[in-house]
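Q: Below is the file model_9.cif, with mmCIF, C-alpha atoms.
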```cif
data_start
loop_
_atom_site.label_atom_id
_atom_site.label_comp_id
_atom_site.auth_asym_id
_atom_site.auth_seq_id
_atom_site.Cartn_x
_atom_site.Cartn_y
_atom_site.Cartn_z
CA MET H 728 27.27 -4.68 3.89
CA GLN H 729 24.24 -5.63 5.97
CA ASN H 730 22.38 -8.86 5.56
CA SER H 731 19.47 -8.63 3.17
CA GLN H 732 16.07 -7.62 4.52
CA GLU H 733 17.73 -5.95 7.49
CA VAL H 734 17.74 -2.25 8.16
CA SER H 735 19.69 -0.02 10.44
CA SER H 736 17.77 0.79 13.60
CA GLN H 737 19.24 4.30 13.53
CA PRO H 738 16.66 6.79 12.22
CA LEU H 739 18.15 9.20 9.68
CA ALA H 740 17.69 12.92 9.26
CA ALA H 741 15.72 12.50 6.04
CA ASP H 742 12.08 12.67 5.13
CA LYS H 743 12.18 10.22 2.23
CA VAL H 744 13.75 6.93 1.25
CA ALA H 745 15.00 6.09 -2.23
CA ILE H 746 13.69 2.81 -3.65
CA ILE H 747 15.83 1.24 -6.39
CA PRO H 748 14.28 -1.78 -8.11
CA CYS H 749 16.52 -3.75 -10.47
CA ALA H 750 13.70 -4.33 -13.00
CA GLY H 751 15.93 -6.94 -14.61
CA MET H 752 14.78 -8.62 -17.79
CA ASP H 753 15.02 -12.32 -18.47
CA LYS H 754 13.67 -13.29 -15.08
CA ALA H 755 10.27 -13.07 -13.43
CA LEU H 756 11.89 -11.75 -10.28
CA GLY H 757 12.86 -8.51 -12.05
CA SER H 758 9.17 -7.98 -12.75
CA VAL H 759 8.38 -8.62 -9.08
CA ALA H 760 10.99 -5.99 -8.15
CA ARG H 761 9.18 -3.46 -10.31
CA ALA H 762 5.74 -4.45 -9.07
CA CYS H 763 6.61 -4.12 -5.39
CA ALA H 764 8.41 -0.80 -5.95
CA PHE H 765 5.31 0.63 -7.67
CA ARG H 766 3.12 -0.53 -4.77
CA VAL H 767 5.38 1.27 -2.28
CA VAL H 768 5.70 4.58 -4.13
CA GLU H 769 2.15 4.74 -5.44
CA LYS H 770 0.07 3.15 -2.69
CA LEU H 771 1.78 2.36 0.60
CA ARG H 772 4.20 5.26 1.17
CA PRO H 773 3.70 7.77 -1.68
CA ASP H 774 4.95 10.72 0.40
CA LYS H 775 7.94 8.95 1.89
CA ALA H 776 9.39 6.98 -1.01
CA VAL H 777 11.16 8.14 -4.16
CA LEU H 778 11.48 5.73 -7.05
CA ILE H 779 14.90 5.61 -8.70
CA CYS H 780 14.97 4.41 -12.27
CA ILE H 781 18.33 2.73 -13.00
CA PRO H 782 18.79 3.48 -16.74
CA PRO H 783 18.59 7.30 -16.41
CA LEU H 784 20.63 7.12 -13.20
CA VAL H 785 23.52 5.47 -15.07
CA ALA H 786 23.01 7.53 -18.22
CA GLY H 787 23.09 10.66 -16.05
CA VAL H 788 20.06 12.16 -17.74
CA LYS H 789 18.20 12.85 -14.49
CA PRO H 790 19.57 14.10 -11.17
CA TYR H 791 19.01 10.75 -9.48
CA SER H 792 22.52 10.59 -8.06
CA GLU H 793 21.73 13.74 -6.05
CA ILE H 794 18.64 12.04 -4.64
CA LEU H 795 20.72 8.97 -3.76
CA LYS H 796 23.24 11.07 -1.90
CA ARG H 797 20.48 12.90 -0.05
CA TYR H 798 18.21 10.06 1.05
CA PRO H 799 18.80 6.60 2.54
CA SER H 800 18.33 3.87 -0.04
CA ILE H 801 16.69 0.47 -0.30
CA PRO H 802 17.70 -1.47 -3.43
CA ILE H 803 15.46 -4.33 -4.57
CA ASP H 804 17.52 -7.00 -6.31
CA GLY H 805 15.93 -9.65 -8.50
CA CYS H 806 18.91 -11.98 -8.62
CA ALA H 807 22.25 -12.77 -7.06
CA GLU H 808 24.02 -10.35 -9.43
CA ARG H 809 22.63 -7.60 -7.19
CA CYS H 810 22.80 -4.99 -9.94
CA ALA H 811 20.57 -2.50 -8.16
CA THR H 812 22.81 -2.55 -5.10
CA LYS H 813 26.01 -2.33 -7.15
CA ILE H 814 24.75 0.58 -9.24
CA ALA H 815 23.36 2.38 -6.21
CA VAL H 816 26.65 2.09 -4.31
CA LYS H 817 28.61 3.24 -7.36
CA ASN H 818 26.40 6.33 -7.51
CA GLY H 819 26.93 7.31 -3.89
CA ALA H 820 23.88 5.75 -2.25
CA ARG H 821 23.71 5.08 1.48
CA ILE H 822 22.27 1.59 1.60
CA LYS H 823 20.14 1.23 4.70
CA GLY H 824 18.03 -1.76 3.79
CA ARG H 825 17.96 -4.37 1.07
CA ILE H 826 15.60 -6.82 -0.52
CA LEU H 827 16.96 -9.87 -2.32
CA ILE H 828 13.94 -11.40 -4.01
CA PRO H 829 15.28 -14.98 -4.44
CA GLU H 830 15.51 -15.16 -0.63
CA SER H 831 11.95 -13.87 -0.33
CA VAL H 832 10.71 -16.48 -2.80
CA GLN H 833 12.01 -19.17 -0.47
CA LYS H 834 10.85 -17.42 2.67
CA HIS H 835 7.25 -16.99 1.46
CA ASN H 836 7.15 -20.04 -0.81
CA LEU H 837 5.65 -17.94 -3.61
CA LYS H 838 6.97 -18.51 -7.13
CA PRO H 839 6.19 -15.92 -9.82
CA LYS H 840 5.11 -17.26 -13.22
CA SER H 841 7.09 -15.36 -15.87
CA ALA H 842 8.66 -11.99 -16.70
CA SER H 843 5.62 -10.89 -18.72
CA ASP H 844 3.04 -12.18 -16.24
CA ILE H 845 4.08 -12.70 -12.64
CA GLY H 846 0.79 -14.48 -11.89
CA PRO H 847 -1.12 -14.66 -8.59
CA ASP H 848 1.87 -15.92 -6.58
CA GLY H 849 4.03 -13.13 -8.02
CA GLU H 850 1.37 -10.57 -7.10
CA LYS H 851 1.19 -11.92 -3.54
CA LEU H 852 4.97 -11.86 -3.28
CA ALA H 853 5.09 -8.25 -4.55
CA GLU H 854 2.46 -7.31 -1.97
CA LYS H 855 4.39 -8.92 0.88
CA LEU H 856 7.67 -7.32 -0.19
CA ALA H 857 6.00 -3.93 -0.55
CA GLU H 858 4.76 -4.22 3.03
CA GLU H 859 8.26 -5.20 4.22
CA ILE H 860 9.74 -2.19 2.42
CA ALA H 861 7.08 0.12 3.89
CA THR H 862 8.01 -1.14 7.36
CA GLN H 863 11.70 -0.53 6.61
CA ILE H 864 10.87 3.02 5.47
CA ASP H 865 8.95 3.75 8.69
CA ARG H 866 11.85 2.44 10.77
CA LEU H 867 14.41 4.44 8.81
CA LEU H 868 12.46 7.64 9.11
CA GLY H 869 11.83 7.04 12.79
CA LYS H 870 8.05 6.76 12.48
CA MET Z 962 22.31 -15.33 -21.36
CA THR Z 963 23.95 -17.71 -23.82
CA LEU Z 964 26.03 -16.49 -26.72
CA ALA Z 965 24.70 -17.88 -29.99
CA THR Z 966 24.81 -17.13 -33.68
CA GLY Z 967 21.80 -16.00 -35.73
CA LYS Z 968 20.37 -14.11 -32.82
CA VAL Z 969 19.46 -10.54 -32.23
CA GLY Z 970 19.83 -9.01 -28.79
CA ILE Z 971 17.02 -6.88 -27.43
CA ILE Z 972 17.84 -4.42 -24.71
CA CYS Z 973 14.87 -2.53 -23.33
CA CYS Z 974 14.86 0.42 -21.00
CA SER Z 975 12.07 -0.98 -18.79
CA GLY Z 976 12.27 2.38 -17.05
CA GLU Z 977 10.06 2.84 -14.01
CA ASP Z 978 9.78 6.57 -14.53
CA LEU Z 979 7.13 6.40 -17.22
CA SER Z 980 4.37 4.13 -18.48
CA GLU Z 981 6.31 3.91 -21.74
CA GLY Z 982 8.98 1.96 -19.85
CA THR Z 983 6.38 -0.66 -18.96
CA ILE Z 984 5.30 -0.81 -22.60
CA SER Z 985 8.92 -1.32 -23.71
CA ARG Z 986 9.33 -4.13 -21.19
CA VAL Z 987 6.09 -5.93 -22.06
CA ALA Z 988 6.71 -5.54 -25.81
CA THR Z 989 10.17 -7.05 -25.40
CA CYS Z 990 8.71 -9.98 -23.44
CA LEU Z 991 6.14 -10.55 -26.21
CA VAL Z 992 8.91 -10.74 -28.82
CA LEU Z 993 11.02 -13.09 -26.71
CA GLU Z 994 8.21 -15.35 -25.60
CA LYS Z 995 5.81 -15.32 -28.54
CA LEU Z 996 6.82 -13.52 -31.75
CA ARG Z 997 10.51 -14.43 -32.25
CA PRO Z 998 11.52 -16.80 -29.43
CA ASP Z 999 14.17 -18.59 -31.49
CA GLN Z 1000 15.73 -15.50 -33.05
CA THR Z 1001 16.07 -13.20 -30.05
CA VAL Z 1002 17.69 -12.99 -26.64
CA THR Z 1003 17.26 -10.26 -24.10
CA LEU Z 1004 20.07 -8.34 -22.55
CA CYS Z 1005 19.32 -7.28 -19.02
CA LEU Z 1006 19.97 -3.53 -18.94
CA PRO Z 1007 20.67 -3.27 -15.19
CA LEU Z 1008 23.17 -6.15 -15.46
CA PHE Z 1009 24.65 -4.60 -18.58
CA LEU Z 1010 25.05 -1.25 -16.82
CA ALA Z 1011 26.38 -2.85 -13.63
CA GLY Z 1012 29.23 -4.45 -15.57
CA GLY Z 1013 27.84 -7.79 -16.84
CA GLU Z 1014 30.60 -8.89 -19.22
CA ASP Z 1015 28.49 -11.53 -21.03
CA GLU Z 1016 25.85 -8.93 -21.86
CA ARG Z 1017 28.43 -6.40 -23.00
CA ALA Z 1018 30.30 -8.98 -25.10
CA PHE Z 1019 27.07 -10.03 -26.82
CA ALA Z 1020 26.25 -6.44 -27.77
CA ARG Z 1021 29.78 -5.95 -29.10
CA VAL Z 1022 29.57 -9.01 -31.37
CA PHE Z 1023 25.91 -9.47 -32.26
CA PRO Z 1024 23.32 -7.05 -33.62
CA THR Z 1025 21.30 -5.40 -30.88
CA ILE Z 1026 18.03 -3.49 -30.87
CA ALA Z 1027 17.44 -0.92 -28.14
CA VAL Z 1028 13.83 -0.45 -27.09
CA ASP Z 1029 13.48 2.87 -25.33
CA GLY Z 1030 10.41 4.31 -23.68
CA CYS Z 1031 11.21 7.96 -24.19
CA SER Z 1032 13.52 10.38 -25.94
CA LYS Z 1033 16.15 10.08 -23.20
CA LYS Z 1034 17.03 6.79 -24.92
CA CYS Z 1035 18.77 5.32 -21.89
CA ALA Z 1036 18.98 1.79 -23.38
CA GLU Z 1037 20.57 3.11 -26.57
CA ALA Z 1038 22.94 5.39 -24.64
CA GLY Z 1039 23.99 2.60 -22.26
CA THR Z 1040 24.62 0.14 -25.09
CA LYS Z 1041 26.61 2.72 -27.02
CA LYS Z 1042 28.67 3.60 -23.96
CA PHE Z 1043 29.67 0.05 -23.01
CA SER Z 1044 29.51 -2.00 -26.23
CA GLY Z 1045 28.75 -0.09 -29.40
CA LYS Z 1046 25.86 1.57 -31.15
CA PRO Z 1047 22.75 -0.64 -31.41
CA VAL Z 1048 21.78 -1.59 -34.96
CA ALA Z 1049 18.34 -0.07 -34.38
CA THR Z 1050 16.36 1.75 -31.76
CA ILE Z 1051 12.62 1.44 -31.32
CA LEU Z 1052 11.18 4.40 -29.48
CA VAL Z 1053 7.85 3.67 -27.77
CA SER Z 1054 6.86 7.35 -27.71
CA GLU Z 1055 7.31 7.46 -31.50
CA VAL Z 1056 5.28 4.28 -32.09
CA MET Z 1057 2.53 5.79 -29.93
CA LYS Z 1058 2.19 8.69 -32.36
CA LYS Z 1059 1.02 6.23 -35.02
CA TYR Z 1060 -1.80 5.04 -32.77
CA PRO Z 1061 -3.21 8.17 -31.10
CA HIS Z 1062 -6.37 6.30 -30.10
CA LEU Z 1063 -4.30 4.03 -27.83
CA LYS Z 1064 -3.73 5.83 -24.54
CA ILE Z 1065 -1.57 4.67 -21.66
CA LYS Z 1066 -2.40 5.39 -18.05
CA SER Z 1067 -0.72 2.88 -15.79
CA ARG Z 1068 2.92 1.94 -15.39
CA GLU Z 1069 2.12 -1.05 -13.23
CA LYS Z 1070 -0.56 -3.17 -14.87
CA LEU Z 1071 -1.48 -2.80 -18.49
CA GLU Z 1072 -5.13 -2.51 -19.48
CA PRO Z 1073 -6.36 -4.05 -22.78
CA GLN Z 1074 -5.74 -0.79 -24.70
CA GLU Z 1075 -2.20 -0.59 -23.31
CA MET Z 1076 -1.60 -4.26 -24.16
CA GLU Z 1077 -2.68 -3.46 -27.72
CA LEU Z 1078 -0.03 -0.77 -27.86
CA ALA Z 1079 2.60 -3.14 -26.40
CA THR Z 1080 1.64 -5.62 -29.13
CA LYS Z 1081 2.12 -2.95 -31.81
CA VAL Z 1082 5.57 -2.12 -30.41
CA ALA Z 1083 6.39 -5.85 -30.27
CA GLU Z 1084 5.42 -6.21 -33.94
CA GLU Z 1085 7.77 -3.36 -34.87
CA ILE Z 1086 10.59 -5.02 -32.94
CA ALA Z 1087 9.89 -8.36 -34.66
CA LYS Z 1088 9.91 -6.66 -38.06
CA LYS Z 1089 13.27 -5.11 -37.27
CA VAL Z 1090 14.62 -8.49 -36.11
CA ASP Z 1091 13.61 -10.01 -39.48
CA GLU Z 1092 15.28 -7.18 -41.39
CA ILE Z 1093 18.51 -7.55 -39.43
CA LEU Z 1094 18.64 -11.33 -39.81
CA CYS Z 1095 17.85 -11.05 -43.52
CA LYS Z 1096 20.75 -8.61 -44.01
CA THR Z 1097 23.07 -10.81 -41.94
CA ALA Z 1098 22.14 -13.88 -44.01
CA LYS Z 1099 22.89 -12.05 -47.26
CA LYS Z 1100 26.41 -11.13 -46.15
#
```
Can you give me the file's structure in the form of structure tokens?
A:
Amino acid sequence: MQNSQEVSSQPLAADKVAIIPCAGMDKALGSVARACAFRVVEKLRPDKAVLICIPPLVAGVKPYSEILKRYPSIPIDGCAERCATKIAVKNGARIKGRILIPESVQKHNLKPKSASDIGPDGEKLAEKLAEEIATQIDRLLGK
Amino acid sequence: MTLATGKVGIICCSGEDLSEGTISRVATCLVLEKLRPDQTVTLCLPLFLAGGEDERAFARVFPTIAVDGCSKKCAEAGTKKFSGKPVATILVSEVMKKYPHLKIKSREKLEPQEMELATKVAEEIAKKVDEILCKTAKK
């Protein structure tokens, strides 16, 4: 397993990257995971990123595992349990980058407020992480 | 998560696929933080699905409400698969039918109209929590 926030320098023969946010409850960082994933897939790299929703992936109600096998993946984990990474690996994902939000909180010194309202610091953190993920996507796709 | 008696577990889909997933997440937060903070705990669905034994044990022993955004009912299905059938399921898409004037557009940030809908869903969850605890107390 690579260190968090690092990506392989090898470009892959793929035109998209799968983004897997943990969206964990109970903690504000799960909400940050969601917020930064939405920024990537809706604003920063809408044509290059595919959002993977964990509940239907595990329930098998959508063909997300096919997407995971096809595209390189970047899980976004909200806590040390690293559920997004574990579930992605279990479903055949090729992990090529990772975000562990507790590390990013320390790195950027931005502390989100709560799960229901991440507050201005949480918004800034989501923005910074979204930019980091967009950079990882560009590197992975060789752009 | 701490195991405790007299509590109801709430497990929400929080799915990123649809705006309804955001409503389910916000409604669950409203119940936990404002409406029934002392009677409810949340079960983190990703942790539950990834193998979190505390979460699974809670749902095996204590009553649990699944809050699902859509008819795929991933939270209900996951709970059933790993712990047992939830006591109740609140379906956001069904609650929405009662309030056709409340439209949802965004899955990222909720506008006042969407917050109103999340509040309505939260009230339904809180009502269900009261019913469950009332039944449990009678036993």
Q: Rounded to one decimal place, report the atom CA of Cys1035 of chain Z-atom CA of Ile826 of chain H distance in Å.
A: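 Here the two named atoms are 24.8 Å from each other.
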Q: Would you write out, as a PyMOL selection string, every residue that the PyMOL selection byres ((chain H) within 10 of (chain Z)) captures in this file?
A: chain H and resi 747-754+757-758+761-766+769+778-789+806+808-815+817+841-844
Q: Between atom CA of His835 of chain H and atom CA of Lys855 of chain H, what distance in Å does the model show, to one decimal?
A: 8.6 Å
Q: What gap, in Å, lies between atom CA of Asp1015 of chain Z and atom CA of Val832 of chain H?
A: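 Interatomic distance here is 25.9 Å.
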Q: So, counting all atoms listed in the file, which residue among Z:Met1076, Z:Ile971, Z:Leu1071, Z:Val1053 is closest to Thr1040 of chain Z?
A: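 Closest to Thr1040 of chain Z of all the choices is Z:Ile971.
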Q: Counting all atoms listed in the file, note down every residue that has an atom within 9 Å of the point (30.9, -3.0, -26.1) (file coordinates), as a list of chain:residue names.
A: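 Nearby residues: Z:Glu1016, Z:Arg1017, Z:Ala1018, Z:Phe1019, Z:Ala1020, Z:Arg1021, Z:Val1022, Z:Thr1040, Z:Lys1041, Z:Lys1042, Z:Phe1043, Z:Ser1044, Z:Gly1045, Z:Lys1046.
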Q: I need the output of the PyMOL selection byres ((chain H and resi 851) around 12) for this file as a VMD selection string; which residues are they?
A: chain H and resid 759 762 to 763 766 831 to 832 835 to 840 845 to 850 852 to 858
Q: Using the chain letters and numbers from this file, what does the PyMOL selection byres ((chain H and resi 825) around 12) select? Give the answer as a PyMOL selection string.
A: chain H and resi 728-735+745-749+760+799-805+809+811-813+815+821-824+826-828+830-831+856+859-860+863-864
Q: Need the shell around segment 1082-1093 of chain Z: protein/DNA/RNA residues with any atom at most 8 Å away, counting all atoms listed in the file. Skip same-chain ones fewer than 3 positions apart. Format as a VMD selection string?
A: chain Z and resid 969 984 to 985 988 to 989 991 to 992 996 to 997 1000 to 1001 1024 1026 1049 1051 1053 1056 1078 to 1079 1096 to 1097
Q: Rank nothing, just name the residue among Z:Leu1063, Z:Cys1095, Z:Gly1030, Z:Met1057 nearest to Ser980 of chain Z, using all atoms listed in the file.
A: Z:Gly1030
Q: Let me make sure I understand: among Z:Glu1055, Z:Lys995, Z:Val1048, Z:Gln1074, which one has the smallest atom-to-atom distance to Asp1029 of chain Z if we use all atoms listed in the file?
A: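 Distance minimum relative to Asp1029 of chain Z lands on Z:Glu1055.
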